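Undergrad: Got a structure for you, final06.cif, holding mmCIF, C-alpha atoms.
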data_run
#
loop_
_atom_site.label_atom_id
_atom_site.label_comp_id
_atom_site.auth_asym_id
_atom_site.auth_seq_id
_atom_site.Cartn_x
_atom_site.Cartn_y
_atom_site.Cartn_z
CA MET A 1 99.66 73.90 87.72
CA GLY A 2 98.51 71.16 90.11
CA ASP A 3 101.92 71.06 91.83
CA ARG A 4 101.81 74.82 92.48
CA LEU A 5 98.34 74.58 93.96
CA ALA A 6 99.31 71.61 96.15
CA THR A 7 102.42 73.47 97.36
CA ALA A 8 100.37 76.59 98.07
CA VAL A 9 97.76 74.62 100.03
CA GLY A 10 100.53 73.00 102.05
CA LEU A 11 101.99 76.42 102.85
CA LEU A 12 98.55 77.73 103.83
CA ARG A 13 98.12 74.79 106.23
CA ALA A 14 101.57 75.59 107.67
CA SER A 15 100.48 79.23 108.16
CA ASP A 16 103.02 80.55 105.63
CA TYR A 17 100.50 82.83 103.94
CA ALA A 18 103.01 85.05 102.13
CA GLY A 19 104.81 81.99 100.73
CA ALA A 20 101.53 80.48 99.61
CA LEU A 21 100.54 83.73 97.96
CA THR A 22 103.75 83.70 95.90
CA HIS A 23 102.86 80.30 94.45
CA LEU A 24 99.22 81.27 93.96
CA GLU A 25 100.11 84.47 92.11
CA ALA A 26 102.33 82.45 89.75
CA LEU A 27 99.46 80.00 89.23
CA LEU A 28 97.00 82.83 88.55
CA ALA A 29 99.40 84.40 86.05
CA GLU A 30 99.02 81.22 83.97
CA ALA A 31 95.31 80.62 84.67
CA PRO A 32 93.68 83.87 85.89
CA ASP A 33 90.20 82.33 86.16
CA ASP A 34 91.11 79.19 88.10
CA PRO A 35 88.43 79.03 90.85
CA ALA A 36 90.56 77.05 93.31
CA GLY A 37 93.57 79.31 92.79
CA LEU A 38 91.45 82.42 93.29
CA ALA A 39 89.80 80.93 96.38
CA TYR A 40 93.05 79.97 98.07
CA ALA A 41 94.61 83.34 97.14
CA GLY A 42 91.62 84.97 98.78
CA MET A 43 92.15 82.97 101.95
CA ALA A 44 95.86 83.89 101.99
CA HIS A 45 94.90 87.56 101.77
CA LEU A 46 92.38 87.09 104.56
CA HIS A 47 95.04 85.66 106.87
CA LEU A 48 97.36 88.53 105.89
CA LYS A 49 94.60 90.92 107.09
CA ASP A 50 93.72 92.20 103.59
CA VAL A 51 89.98 91.55 103.81
CA GLN A 52 88.93 93.66 100.83
CA THR A 53 91.24 91.82 98.42
CA ALA A 54 90.19 88.51 99.95
CA GLN A 55 86.53 89.28 99.33
CA GLU A 56 87.19 90.40 95.75
CA LEU A 57 89.17 87.24 94.97
CA LEU A 58 86.58 84.94 96.53
CA ASP A 59 83.75 86.66 94.66
CA ARG A 60 85.77 86.21 91.44
CA ALA A 61 86.33 82.55 92.33
CA VAL A 62 82.60 81.92 92.70
CA ALA A 63 81.87 83.86 89.50
CA ALA A 64 84.52 81.84 87.61
CA GLY A 65 83.37 78.51 89.07
CA PRO A 66 79.84 78.65 90.46
CA THR A 67 79.86 74.84 90.76
CA ASP A 68 83.30 74.66 92.40
CA PHE A 69 83.24 73.23 95.93
CA ILE A 70 86.43 75.01 97.01
CA ALA A 71 85.29 78.44 95.78
CA ARG A 72 81.94 78.18 97.56
CA SER A 73 83.31 76.73 100.78
CA LYS A 74 86.15 79.25 101.05
CA ARG A 75 83.80 82.19 100.46
CA GLY A 76 81.56 80.71 103.15
CA GLU A 77 84.58 80.51 105.45
CA LEU A 78 85.41 84.17 104.76
CA ARG A 79 81.86 85.22 105.54
CA PHE A 80 81.87 83.10 108.69
CA THR A 81 85.11 84.76 109.79
CA LEU A 82 83.53 88.18 109.20
CA ALA A 83 80.50 87.10 111.31
CA CYS A 84 78.11 87.29 108.34
CA PHE A 85 76.50 84.03 109.42
CA PRO A 86 73.38 83.96 107.20
CA GLN A 87 75.48 84.62 104.09
CA ALA A 88 78.08 82.09 105.22
CA ALA A 89 75.39 79.45 105.71
CA GLU A 90 74.06 80.15 102.21
CA ASP A 91 77.49 79.58 100.61
CA LEU A 92 78.24 76.53 102.75
CA ARG A 93 74.85 74.96 101.95
CA GLU A 94 75.56 75.46 98.25
CA ALA A 95 79.03 73.94 98.67
CA LEU A 96 77.53 70.81 100.23
CA ARG A 97 75.36 70.32 97.15
CA LEU A 98 78.54 70.12 95.05
CA GLU A 99 81.12 67.35 94.79
CA ALA A 100 83.79 67.69 97.48
CA PRO A 101 87.42 66.81 96.74
CA THR A 102 87.65 64.66 99.91
CA PRO A 103 85.25 63.29 102.53
CA ALA A 104 87.15 65.27 105.17
CA SER A 105 86.42 68.50 103.27
CA ARG A 106 82.73 67.66 103.18
CA ARG A 107 82.67 66.91 106.94
CA TRP A 108 84.51 70.18 107.71
CA VAL A 109 82.06 72.23 105.61
CA ALA A 110 79.08 70.44 107.19
CA LYS A 111 80.39 71.25 110.69
CA LEU A 112 81.04 74.88 109.73
CA LEU A 113 77.53 75.10 108.24
CA GLU A 114 75.99 73.75 111.44
CA THR A 115 77.84 76.39 113.49
CA ALA A 116 76.93 79.16 111.03
CA GLU A 117 73.25 78.23 111.19
CA GLN A 118 73.30 78.24 115.01
CA ARG A 119 75.00 81.61 115.12
CA ALA A 120 72.73 83.03 112.43
CA LYS A 121 69.75 82.44 114.74
CA LEU A 122 71.41 84.48 117.48
CA SER A 123 72.89 87.23 115.33
CA TYR A 124 71.35 90.41 114.09
CA THR A 125 72.02 91.54 110.55
CA ARG A 126 70.99 95.05 109.77
CA THR A 127 70.09 95.99 106.25
CA LEU A 128 71.76 99.27 105.51
CA THR A 129 69.15 101.75 104.38
CA LEU A 130 70.29 105.29 104.81
CA PRO A 131 67.67 107.94 105.45
CA SER A 132 67.28 110.65 102.87
CA LEU A 133 68.19 114.02 104.25
CA ALA A 134 66.77 117.39 103.30
CA PRO A 135 69.18 119.92 101.80
CA LEU A 136 71.50 121.49 104.35
CA LYS A 137 69.92 124.94 103.90
CA THR A 138 66.61 123.67 105.26
CA LEU A 139 68.21 121.88 108.21
CA VAL A 140 70.38 124.73 109.45
CA SER A 141 69.33 128.34 109.51
CA LEU A 142 72.37 130.55 109.37
CA PRO A 143 72.13 134.06 110.77
CA ARG A 144 72.22 136.89 108.29
CA LEU A 145 75.60 138.60 108.17
CA PRO A 146 75.78 142.10 109.67
CA ARG A 147 75.49 145.01 107.27
CA TRP A 148 79.04 146.19 107.89
CA TRP A 149 80.31 142.70 106.96
CA ARG A 150 78.38 142.64 103.71
CA ARG A 151 79.67 146.09 102.68
CA GLY A 152 83.24 145.30 103.68
CA VAL A 153 85.43 146.38 106.53
CA ARG A 154 87.18 149.79 106.07
CA GLY A 155 86.58 149.90 102.38
CA VAL A 156 87.79 146.36 101.65
CA ALA A 157 85.15 144.50 99.69
CA THR A 158 84.32 141.00 100.78
CA VAL A 159 82.09 138.39 99.32
#
Could you quickly redo this structure as structure tokens?
TA:
Amino acid sequence: MGDRLATAVGLLRASDYAGALTHLEALLAEAPDDPAGLAYAGMAHLHLKDVQTAQELLDRAVAAGPTDFIARSKRGELRFTLACFPQAAEDLREALRLEAPTPASRRWVAKLLETAEQRAKLSYTRTLTLPSLAPLKTLVSLPRLPRWWRRGVRGVATV
């Protein structure tokens, strides 16, 4: 399992996202709740422009391993890429509280967090609250149909 993950990470770094996804899918067939496997599969999908699947996989990764550095940092990276800077900063802050696999990973997440916090100050995030609308009948007044239309044209009944 570790060899597959290492191979997949190497392919991701080489920008072979489809090749990495092949290895990650095989890994997830054996261990469907592996947080690192889910996180890297999510990043492969992101780079293949499948954002919805990427988000689902990264949310599953965090749910499967809430104390996993890779899951938190990769979901923060996804949110950063999508310009959701406050949410990215939240995930990256949480990742820094966890044990990183390497010092370089910790430095990279710290730098990304710093950038996310700076951009969060300058960005505007709208909370989506849709207005409630009145029924269509009250918004639009339709004219009453002419009498000849209601009775039918030339003896043909209409509704």
Undergrad: Identify which of the residues A:Pro101, A:Pro86, A:Pro35, A:Pro143 lies closest to Leu122 in chain A, counting all atoms listed in the file when measuring atom-to-atom distances.
TA: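 Distance minimum relative to Leu122 in chain A lands on A:Pro86.
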Undergrad: Tell me, in Å to one decimal, how far CA of Gly76 in chain A is from CA of Ala89 in chain A.
TA: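 Answer for the CA of Gly76 in chain A to CA of Ala89 in chain A separation: 6.8 Å.
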Undergrad: Assuming the chain letters and numbering stay as they are in my file, what does the PyMOL selection byres ((chain A and resi 39-53) around 9) actually select? List them as a PyMOL selection string.
TA: chain A and resi 5+8-9+12+15-18+20-21+24-25+28+34-38+54-62+70-75+77-78
Undergrad: I need the output of the PyMOL selection byres ((chain A and resi 96) around 10) for this file as a list of chain:residue names; which residues are they?
TA: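 In the shown coordinates, the PyMOL selection byres ((chain A and resi 96) around 10) covers A:Phe69, A:Arg72, A:Ser73, A:Asp91, A:Leu92, A:Arg93, A:Glu94, A:Ala95, A:Arg97, A:Leu98, A:Glu99, A:Ala100, A:Ser105, A:Arg106, A:Arg107, A:Val109, A:Ala110, A:Leu113.
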Undergrad: Quote the spacing between CA of Ser123 in chain A and CA of Lys111 in chain A in Å to one decimal place.
TA: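 CA of Lys111 in chain A lies 18.3 Å from CA of Ser123 in chain A.
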